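J.: Sharing final35.csv here; it has CSV, C-alpha atoms and all ligand atoms.
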```
chain,number,residue,atom,x,y,z
A,957,MET,CA,-51.6,124.6,-66.4
A,958,SER,CA,-53.8,123.2,-69.1
A,959,ARG,CA,-56.2,120.5,-68.2
A,960,LYS,CA,-54.4,118.0,-70.5
A,961,LEU,CA,-51.1,118.7,-68.8
A,962,LEU,CA,-52.7,118.3,-65.4
A,963,VAL,CA,-54.1,114.9,-66.4
A,964,LEU,CA,-50.7,113.9,-67.7
A,965,CYS,CA,-48.9,115.0,-64.6
A,966,MET,CA,-51.4,113.0,-62.4
A,967,ALA,CA,-51.0,110.0,-64.5
A,968,ALA,CA,-47.2,110.2,-64.2
A,969,LEU,CA,-47.5,110.6,-60.5
A,970,MET,CA,-49.7,107.6,-60.2
A,971,ALA,CA,-47.3,105.5,-62.3
A,972,MET,CA,-44.5,106.5,-60.0
A,973,ALA,CA,-46.5,105.7,-56.9
A,974,ALA,CA,-47.3,102.3,-58.3
A,975,LEU,CA,-43.6,101.7,-59.1
A,976,VAL,CA,-42.6,102.6,-55.6
A,977,ALA,CA,-45.3,100.4,-54.0
A,978,GLY,CA,-44.2,97.6,-56.3
A,979,CYS,CA,-40.6,97.8,-55.2
A,980,GLY,CA,-41.7,97.9,-51.6
A,981,GLY,CA,-43.7,94.7,-52.1
A,982,GLU,CA,-40.8,92.9,-53.6
A,983,GLN,CA,-38.6,93.9,-50.7
A,984,LYS,CA,-41.1,92.6,-48.3
A,985,ALA,CA,-41.2,89.2,-50.1
A,986,ALA,CA,-37.4,88.9,-49.9
A,987,GLU,CA,-37.4,89.8,-46.2
A,988,SER,CA,-40.1,87.2,-45.3
A,989,GLU,CA,-37.9,84.4,-46.8
A,990,LYS,CA,-36.4,83.0,-43.6
A,991,VAL,CA,-32.6,82.8,-43.7
A,992,LEU,CA,-30.6,80.6,-41.4
A,993,LYS,CA,-27.2,82.1,-40.9
A,994,VAL,CA,-24.8,79.3,-40.3
A,995,GLY,CA,-21.3,79.7,-39.0
A,996,VAL,CA,-18.6,77.2,-40.0
A,997,ASN,CA,-14.8,76.8,-40.1
A,998,ALA,CA,-14.6,75.3,-43.5
A,999,ASP,CA,-11.3,73.6,-43.1
A,1000,PHE,CA,-12.3,70.3,-41.5
A,1001,ALA,CA,-12.8,67.7,-44.1
A,1002,PRO,CA,-14.9,65.5,-44.4
A,1003,PHE,CA,-17.2,67.7,-42.2
A,1004,GLU,CA,-16.7,71.1,-43.9
A,1005,PHE,CA,-14.4,72.2,-46.6
A,1006,GLN,CA,-14.5,74.1,-49.9
A,1007,ASP,CA,-14.2,72.5,-53.3
A,1008,GLU,CA,-11.0,73.1,-55.4
A,1009,ASN,CA,-12.4,76.4,-56.8
A,1010,GLY,CA,-13.0,77.5,-53.2
A,1011,LYS,CA,-16.7,78.2,-54.0
A,1012,GLU,CA,-18.9,75.3,-52.9
A,1013,TYR,CA,-19.1,74.3,-49.2
A,1014,GLN,CA,-19.0,70.6,-49.0
A,1015,GLY,CA,-19.0,67.9,-46.3
A,1016,PHE,CA,-21.1,65.9,-43.9
A,1017,ASP,CA,-22.0,69.0,-41.8
A,1018,MET,CA,-22.8,71.0,-44.8
A,1019,ASP,CA,-25.2,68.5,-46.2
A,1020,LEU,CA,-26.8,68.0,-42.8
A,1021,ILE,CA,-27.4,71.7,-42.1
A,1022,ARG,CA,-28.8,72.2,-45.6
A,1023,ALA,CA,-31.2,69.3,-44.9
A,1024,VAL,CA,-32.0,70.8,-41.5
A,1025,GLY,CA,-32.7,74.2,-43.1
A,1026,GLU,CA,-34.9,72.6,-45.7
A,1027,GLU,CA,-36.9,70.7,-43.1
A,1028,MET,CA,-37.3,74.0,-41.1
A,1029,GLY,CA,-38.3,76.0,-44.2
A,1030,TYR,CA,-35.2,78.2,-44.0
A,1031,LYS,CA,-32.7,79.2,-46.7
A,1032,VAL,CA,-29.2,78.3,-45.5
A,1033,GLU,CA,-26.5,80.9,-45.7
A,1034,ILE,CA,-23.0,79.7,-44.9
A,1035,ASN,CA,-20.4,82.0,-43.2
A,1036,ASN,CA,-16.8,80.8,-43.0
A,1037,LEU,CA,-15.1,81.9,-39.8
A,1038,ASN,CA,-12.1,80.9,-37.7
A,1039,PHE,CA,-13.0,78.0,-35.3
A,1040,ASP,CA,-12.3,80.1,-32.2
A,1041,GLY,CA,-14.5,82.9,-33.6
A,1042,LEU,CA,-17.6,80.7,-33.9
A,1043,ILE,CA,-19.0,80.9,-30.4
A,1044,PRO,CA,-18.3,84.7,-30.1
A,1045,ALA,CA,-20.2,85.2,-33.4
A,1046,LEU,CA,-23.1,83.2,-32.0
A,1047,GLU,CA,-23.1,85.3,-28.8
A,1048,ALA,CA,-22.9,88.5,-30.8
A,1049,GLY,CA,-25.9,87.4,-32.9
A,1050,ASN,CA,-23.9,87.6,-36.2
A,1051,ILE,CA,-24.9,84.0,-36.9
A,1052,ASP,CA,-27.9,81.9,-35.9
A,1053,VAL,CA,-26.4,78.5,-35.5
A,1054,CYS,CA,-22.9,76.9,-35.8
A,1055,ILE,CA,-22.1,73.5,-37.2
A,1056,SER,CA,-18.4,72.8,-37.4
A,1057,GLY,CA,-17.6,69.4,-36.0
A,1058,MET,CA,-18.0,71.1,-32.7
A,1059,THR,CA,-17.8,68.9,-29.6
A,1060,ILE,CA,-20.4,69.4,-26.9
A,1061,ASN,CA,-18.6,70.1,-23.7
A,1062,GLU,CA,-19.3,71.8,-20.4
A,1063,GLU,CA,-17.2,74.9,-21.1
A,1064,ARG,CA,-19.0,75.7,-24.3
A,1065,LYS,CA,-22.4,74.9,-22.7
A,1066,GLN,CA,-21.9,77.9,-20.4
A,1067,LYS,CA,-22.0,80.1,-23.5
A,1068,VAL,CA,-24.3,78.4,-26.0
A,1069,ASN,CA,-27.0,75.7,-26.3
A,1070,PHE,CA,-26.3,72.5,-28.2
A,1071,SER,CA,-28.7,70.4,-30.3
A,1072,ASP,CA,-29.0,66.7,-29.7
A,1073,PRO,CA,-25.7,65.0,-30.6
A,1074,TYR,CA,-25.4,64.2,-34.3
A,1075,TYR,CA,-22.0,62.5,-34.6
A,1076,LYS,CA,-19.8,60.5,-32.3
A,1077,SER,CA,-16.1,61.3,-32.5
A,1078,GLY,CA,-12.8,61.2,-30.6
A,1079,LEU,CA,-9.2,62.3,-30.9
A,1080,SER,CA,-6.4,60.4,-32.6
A,1081,ILE,CA,-2.7,61.0,-33.3
A,1082,ILE,CA,-0.8,61.2,-36.6
A,1083,VAL,CA,3.0,60.7,-36.7
A,1084,ALA,CA,5.7,60.2,-39.4
A,1085,LYS,CA,5.6,56.6,-40.6
A,1086,ASP,CA,9.1,55.9,-39.3
A,1087,ASN,CA,8.3,57.2,-35.8
A,1088,ASP,CA,8.5,54.3,-33.4
A,1089,SER,CA,8.6,56.3,-30.2
A,1090,ILE,CA,5.0,57.5,-30.2
A,1091,LYS,CA,2.3,54.7,-29.9
A,1092,LYS,CA,-0.2,56.2,-27.6
A,1093,PHE,CA,-1.2,59.5,-25.9
A,1094,GLU,CA,1.1,59.1,-22.9
A,1095,ASP,CA,4.1,58.9,-25.4
A,1096,LEU,CA,3.5,62.6,-26.3
A,1097,LYS,CA,5.2,63.5,-23.1
A,1098,GLY,CA,8.1,65.8,-23.9
A,1099,LYS,CA,7.2,65.8,-27.6
A,1100,LYS,CA,6.2,68.6,-30.0
A,1101,VAL,CA,2.6,68.4,-31.0
A,1102,ALA,CA,0.5,70.4,-33.5
A,1103,VAL,CA,-3.1,71.1,-32.7
A,1104,GLN,CA,-5.8,73.5,-33.9
A,1105,ILE,CA,-6.5,76.6,-31.7
A,1106,GLY,CA,-9.6,76.5,-29.5
A,1107,THR,CA,-10.3,72.8,-30.1
A,1108,THR,CA,-10.7,69.8,-27.7
A,1109,SER,CA,-7.4,68.5,-29.1
A,1110,ALA,CA,-5.7,71.7,-27.9
A,1111,ALA,CA,-7.3,71.3,-24.4
A,1112,GLU,CA,-6.5,67.6,-24.1
A,1113,VAL,CA,-2.9,67.7,-25.3
A,1114,LYS,CA,-2.1,70.6,-22.9
A,1115,LYS,CA,-3.1,68.3,-20.0
A,1116,ILE,CA,-0.1,66.0,-20.9
A,1117,GLU,CA,2.9,66.8,-18.8
A,1118,GLY,CA,5.9,68.3,-20.5
A,1119,VAL,CA,4.4,68.4,-24.0
A,1120,GLU,CA,5.3,71.3,-26.3
A,1121,VAL,CA,2.1,72.4,-27.9
A,1122,LYS,CA,2.1,74.3,-31.2
A,1123,GLU,CA,-1.3,75.8,-32.1
A,1124,PHE,CA,-2.5,76.5,-35.6
A,1125,ASN,CA,-5.6,78.1,-37.2
A,1126,SER,CA,-6.7,75.0,-39.1
A,1127,SER,CA,-6.2,71.3,-39.2
A,1128,ALA,CA,-4.7,71.7,-42.6
A,1129,ASP,CA,-1.9,73.8,-41.0
A,1130,THR,CA,-1.3,71.1,-38.4
A,1131,PHE,CA,-0.7,68.5,-41.2
A,1132,MET,CA,1.6,70.9,-43.0
A,1133,GLU,CA,3.7,71.4,-39.8
A,1134,LEU,CA,4.1,67.6,-39.5
A,1135,ARG,CA,5.2,67.4,-43.1
A,1136,ALA,CA,7.7,70.2,-42.5
A,1137,LYS,CA,9.0,68.2,-39.5
A,1138,GLY,CA,8.2,71.1,-37.2
A,1139,VAL,CA,6.4,68.7,-34.8
A,1140,ASP,CA,6.6,65.0,-33.9
A,1141,ALA,CA,2.8,64.5,-34.0
A,1142,VAL,CA,-0.6,66.0,-34.8
A,1143,VAL,CA,-3.6,65.5,-32.7
A,1144,ASN,CA,-7.0,66.0,-34.3
A,1145,ASP,CA,-10.5,64.5,-34.5
A,1146,ARG,CA,-10.1,60.9,-35.6
A,1147,PRO,CA,-12.3,61.2,-38.8
A,1148,VAL,CA,-10.4,64.2,-39.9
A,1149,ASN,CA,-7.1,62.5,-39.5
A,1150,ASP,CA,-8.3,59.4,-41.3
A,1151,TYR,CA,-9.8,61.4,-44.2
A,1152,TYR,CA,-6.5,63.3,-44.5
A,1153,ILE,CA,-4.5,60.1,-44.8
A,1154,MET,CA,-6.9,58.7,-47.3
A,1155,LYS,CA,-7.3,61.7,-49.5
A,1156,SER,CA,-3.9,63.5,-49.4
A,1157,GLY,CA,-1.9,60.6,-50.9
A,1158,GLU,CA,0.6,61.3,-48.1
A,1159,THR,CA,2.5,58.1,-47.6
A,1160,ASN,CA,5.1,59.3,-45.0
A,1161,VAL,CA,2.6,59.5,-42.2
A,1162,LYS,CA,0.4,57.1,-40.2
A,1163,ALA,CA,-2.6,57.4,-37.9
A,1164,LEU,CA,-2.4,55.6,-34.6
A,1165,PRO,CA,-5.2,53.4,-33.4
A,1166,ASP,CA,-5.1,54.8,-29.9
A,1167,LEU,CA,-8.1,57.0,-29.2
A,1168,LEU,CA,-8.4,59.7,-26.6
A,1169,THR,CA,-11.8,60.8,-25.5
A,1170,SER,CA,-15.3,60.0,-26.8
A,1171,GLU,CA,-16.9,63.2,-28.1
A,1172,ASP,CA,-20.3,64.1,-29.4
A,1173,TYR,CA,-20.8,66.8,-32.0
A,1174,GLY,CA,-23.7,69.2,-31.7
A,1175,ILE,CA,-25.2,72.1,-33.6
A,1176,ALA,CA,-24.6,75.2,-31.4
A,1177,VAL,CA,-27.4,77.8,-31.0
A,1178,SER,CA,-27.5,81.1,-29.2
A,1179,LYS,CA,-28.8,80.8,-25.6
A,1180,LYS,CA,-31.2,83.6,-26.5
A,1181,ASN,CA,-33.0,81.5,-29.1
A,1182,GLU,CA,-34.7,78.5,-27.4
A,1183,GLU,CA,-37.3,78.4,-30.2
A,1184,LEU,CA,-34.6,77.9,-32.9
A,1185,LEU,CA,-33.0,75.2,-30.8
A,1186,ASN,CA,-36.3,73.3,-30.7
A,1187,LYS,CA,-36.8,73.7,-34.4
A,1188,VAL,CA,-33.2,72.3,-35.1
A,1189,ASN,CA,-33.8,69.3,-32.8
A,1190,ASP,CA,-37.2,68.6,-34.5
A,1191,ALA,CA,-35.6,68.8,-37.9
A,1192,LEU,CA,-32.7,66.4,-36.8
A,1193,ARG,CA,-35.3,63.9,-35.4
A,1194,LYS,CA,-37.2,64.0,-38.7
A,1195,LEU,CA,-34.0,63.5,-40.8
A,1196,HIS,CA,-33.3,60.4,-38.6
A,1197,GLU,CA,-36.9,59.1,-39.1
A,1198,ASN,CA,-37.1,59.7,-42.9
A,1199,GLY,CA,-33.6,58.1,-43.7
A,1200,LYS,CA,-32.1,61.4,-44.9
A,1201,TYR,CA,-29.5,61.4,-42.0
A,1202,ASP,CA,-28.4,57.9,-43.0
A,1203,GLU,CA,-28.2,58.8,-46.6
A,1204,ILE,CA,-25.8,61.7,-45.8
A,1205,PHE,CA,-23.8,59.6,-43.4
A,1206,THR,CA,-23.3,56.9,-46.0
A,1207,LYS,CA,-22.3,59.5,-48.6
A,1208,TRP,CA,-19.4,60.7,-46.5
A,1209,PHE,CA,-18.4,57.8,-44.3
A,1210,GLY,CA,-19.3,54.9,-46.6
A,1211,THR,CA,-21.1,53.0,-43.8
A,1212,THR,CA,-24.4,53.4,-42.1
A,1213,SER,CA,-24.6,55.3,-38.8
A,1214,LYS,CA,-26.1,52.3,-36.9
A,1301,LIG,N1,-14.3,68.5,-32.3
A,1301,LIG,C1,-13.2,69.5,-32.0
A,1301,LIG,C2,-13.7,70.6,-31.1
A,1301,LIG,O1,-14.9,70.8,-31.0
A,1301,LIG,C3,-12.6,70.1,-33.3
A,1301,LIG,C4,-13.5,70.9,-34.1
A,1301,LIG,C5,-12.9,71.6,-35.3
A,1301,LIG,O2,-11.7,71.8,-35.4
A,1301,LIG,N2,-13.7,72.0,-36.2
A,1301,LIG,O3,-13.0,71.2,-30.5
```
Show the structure stored in the file as structure tokens.
Ligand code: GLN

T.:
Amino acid sequence: MSRKLLVLCMAALMAMAALVAGCGGEQKAAESEKVLKVGVNADFAPFEFQDENGKEYQGFDMDLIRAVGEEMGYKVEINNLNFDGLIPALEAGNIDVCISGMTINEERKQKVNFSDPYYKSGLSIIVAKDNDSIKKFEDLKGKKVAVQIGTTSAAEVKKIEGVEVKEFNSSADTFMELRAKGVDAVVNDRPVNDYYIMKSGETNVKALPDLLTSEDYGIAVSKKNEELLNKVNDALRKLHENGKYDEIFTKWFGTTSK
């Protein structure tokens, strides 16, 4: 090999090495950007839903978790799952946290940790406007009621004697069943029922004032990740202090949280 060729070959080799090193460097930078994998069931307006194009995740929870992520220095990645698949996904390590209007309760606390409560909720009933036989929860006795699978609504309604429970994958499906007259009533979280009545333009149904349960929503974190739980709680605290929580609250509920 001539000397010139050798020099050329070496130069080419060095250029390639530099390229490979360069690529590796870039990959490292991408890896070091911390990503918070968030699980959500995006069918629960006004807490989580997708815009008309089905692209953007919107709602109180979505704004809150983005603010939490920002506060923690994490990029937020939203994963849309079935509600009853959220806790299993956390346990399997497929997601880091879950925010989905999820009520803190004893049964779930056996499986996951919860952040400090971030929203106070409860259950309410929706019936057809001309329904006079259902006024409160006890009246659901012997009636057909639609609920979402794996929710506190499902658990509470099942406690009522002689009720026929029909379970659906989403709250949207429960409303559809009521419209189709497949059930006498729907039980859901009150703010979700109220938002449906306000936004759907549906005039043939009414929400009843009777409330069952008082529930706190929390952000669920895997039991294996205490450190992440602390970071989430710190971020929530800061958002309360700096007014950002109130700003998000007012955006979605029109009132302040106090
Ligand atoms: N708050 C209810 C629960 O935790 C419903 C949540 C939901 O359907 N997203 O069971």

J.: Ranking A:Ala1102, A:Val1142, A:Cys1054, A:Ile1116 by minimum distance to Asp1040 of chain A and counting only C-alpha atoms, which one comes first?

T.: A:Cys1054

J.: Using all atoms listed in the file, can you tell me which of A:Phe1093, A:Ala1136, A:Met1018, A:Ile1060 comes closest to Lys1076 of chain A?

T.: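 For Lys1076 of chain A, the nearest of the given residues is A:Ile1060.
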
J.: Which one is closest to Val1032 of chain A: A:Pro1002, A:Gly995, A:Gly1057, A:Gly1049? Count only C-alpha atoms.

T.: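 Between A:Pro1002, A:Gly995, A:Gly1057, A:Gly1049, the residue approaching Val1032 of chain A most closely is A:Gly995.
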
J.: Neighbours of ligand LIG 1301 (chain A) within 9 Å, counting only C-alpha atoms and all ligand atoms, as a JSON list (two decimals) with C-alpha atoms, keeping the file's coordinate frame?

T.:
```json
[["chain", "number", "residue", "atom", "x", "y", "z"],
["A", 996, "VAL", "CA", -18.60, 77.20, -40.00],
["A", 997, "ASN", "CA", -14.80, 76.80, -40.10],
["A", 998, "ALA", "CA", -14.60, 75.30, -43.50],
["A", 999, "ASP", "CA", -11.30, 73.60, -43.10],
["A", 1000, "PHE", "CA", -12.30, 70.30, -41.50],
["A", 1003, "PHE", "CA", -17.20, 67.70, -42.20],
["A", 1004, "GLU", "CA", -16.70, 71.10, -43.90],
["A", 1039, "PHE", "CA", -13.00, 78.00, -35.30],
["A", 1040, "ASP", "CA", -12.30, 80.10, -32.20],
["A", 1055, "ILE", "CA", -22.10, 73.50, -37.20],
["A", 1056, "SER", "CA", -18.40, 72.80, -37.40],
["A", 1057, "GLY", "CA", -17.60, 69.40, -36.00],
["A", 1058, "MET", "CA", -18.00, 71.10, -32.70],
["A", 1059, "THR", "CA", -17.80, 68.90, -29.60],
["A", 1060, "ILE", "CA", -20.40, 69.40, -26.90],
["A", 1061, "ASN", "CA", -18.60, 70.10, -23.70],
["A", 1077, "SER", "CA", -16.10, 61.30, -32.50],
["A", 1078, "GLY", "CA", -12.80, 61.20, -30.60],
["A", 1079, "LEU", "CA", -9.20, 62.30, -30.90],
["A", 1104, "GLN", "CA", -5.80, 73.50, -33.90],
["A", 1105, "ILE", "CA", -6.50, 76.60, -31.70],
["A", 1106, "GLY", "CA", -9.60, 76.50, -29.50],
["A", 1107, "THR", "CA", -10.30, 72.80, -30.10],
["A", 1108, "THR", "CA", -10.70, 69.80, -27.70],
["A", 1109, "SER", "CA", -7.40, 68.50, -29.10],
["A", 1110, "ALA", "CA", -5.70, 71.70, -27.90],
["A", 1111, "ALA", "CA", -7.30, 71.30, -24.40],
["A", 1125, "ASN", "CA", -5.60, 78.10, -37.20],
["A", 1126, "SER", "CA", -6.70, 75.00, -39.10],
["A", 1127, "SER", "CA", -6.20, 71.30, -39.20],
["A", 1144, "ASN", "CA", -7.00, 66.00, -34.30],
["A", 1145, "ASP", "CA", -10.50, 64.50, -34.50],
["A", 1148, "VAL", "CA", -10.40, 64.20, -39.90],
["A", 1171, "GLU", "CA", -16.90, 63.20, -28.10],
["A", 1172, "ASP", "CA", -20.30, 64.10, -29.40],
["A", 1173, "TYR", "CA", -20.80, 66.80, -32.00],
["A", 1174, "GLY", "CA", -23.70, 69.20, -31.70]]
```

J.: May I ask which of the residues A:Thr1211, A:Asn1087, A:Asn1198, A:Gln1014 is the closest one to Val1139 of chain A, counting only C-alpha atoms?

T.: A:Asn1087

J.: I'd like the interatomic distance between atom CA of Asp1017 of chain A and atom CA of Ile1175 of chain A, to a tenth of an Å.

T.: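 That distance, rounded to one decimal, is 9.3 Å.
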
J.: Return the single residue from A:Asn1050, A:Ile1034, A:Glu989, A:Gly1010 that is closest to Ser1178 of chain A, with distances computed using only C-alpha atoms.

T.: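 Among the listed residues, A:Asn1050 lies closest to Ser1178 of chain A.
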
J.: Restricting the calculation to all atoms listed in the file: of A:Ile1021, A:Met1028, A:Ala1084, A:Leu1046, which residue gets closest to Lys1180 of chain A?

T.: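 That would be A:Leu1046, the residue with the smallest distance to Lys1180 of chain A.
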
J.: How far is it from atom CA of Pro1165 of chain A to atom CA of Phe1005 of chain A, in Å with one decimal?

T.: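 Atom-to-atom, atom CA of Pro1165 of chain A to atom CA of Phe1005 of chain A, that is 24.7 Å.
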
J.: Rounded to one decimal, what separation in Å do you get between atom CA of Glu1027 of chain A and atom CA of Asp1190 of chain A?

T.: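 The value is 8.9 Å.
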
J.: Would you list the residues near (-23.5, 79.2, -26.9), meaning any protein, DNA or RNA residue with an atom at most 6 Å from that point in file coordinates, counting all atoms listed in the file, as a list in words?

T.: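 Looking at atoms near the point gives Ile1043, Lys1067, Val1068, Asn1069, Val1177, Ser1178 and Lys1179 of chain A.
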
J.: Near segment 1151-1161 of chain A, within 7 Å and counting all atoms listed in the file, which residues show up once chain neighbours fewer than 4 positions away are dropped, as a list of chain:residue names?

T.: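 So, after excluding close chain neighbours, the residues are A:Ala1001, A:Pro1002, A:Ile1082, A:Val1083, A:Ala1084, A:Lys1085, A:Pro1147.
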
J.: Which polymer residues, protein or nucleic acid, are no farther than 8 Å from (-29.2, 65.0, -29.7), counting only C-alpha atoms, as a PyMOL selection string?

T.: chain A and resi 1071-1074+1174+1189
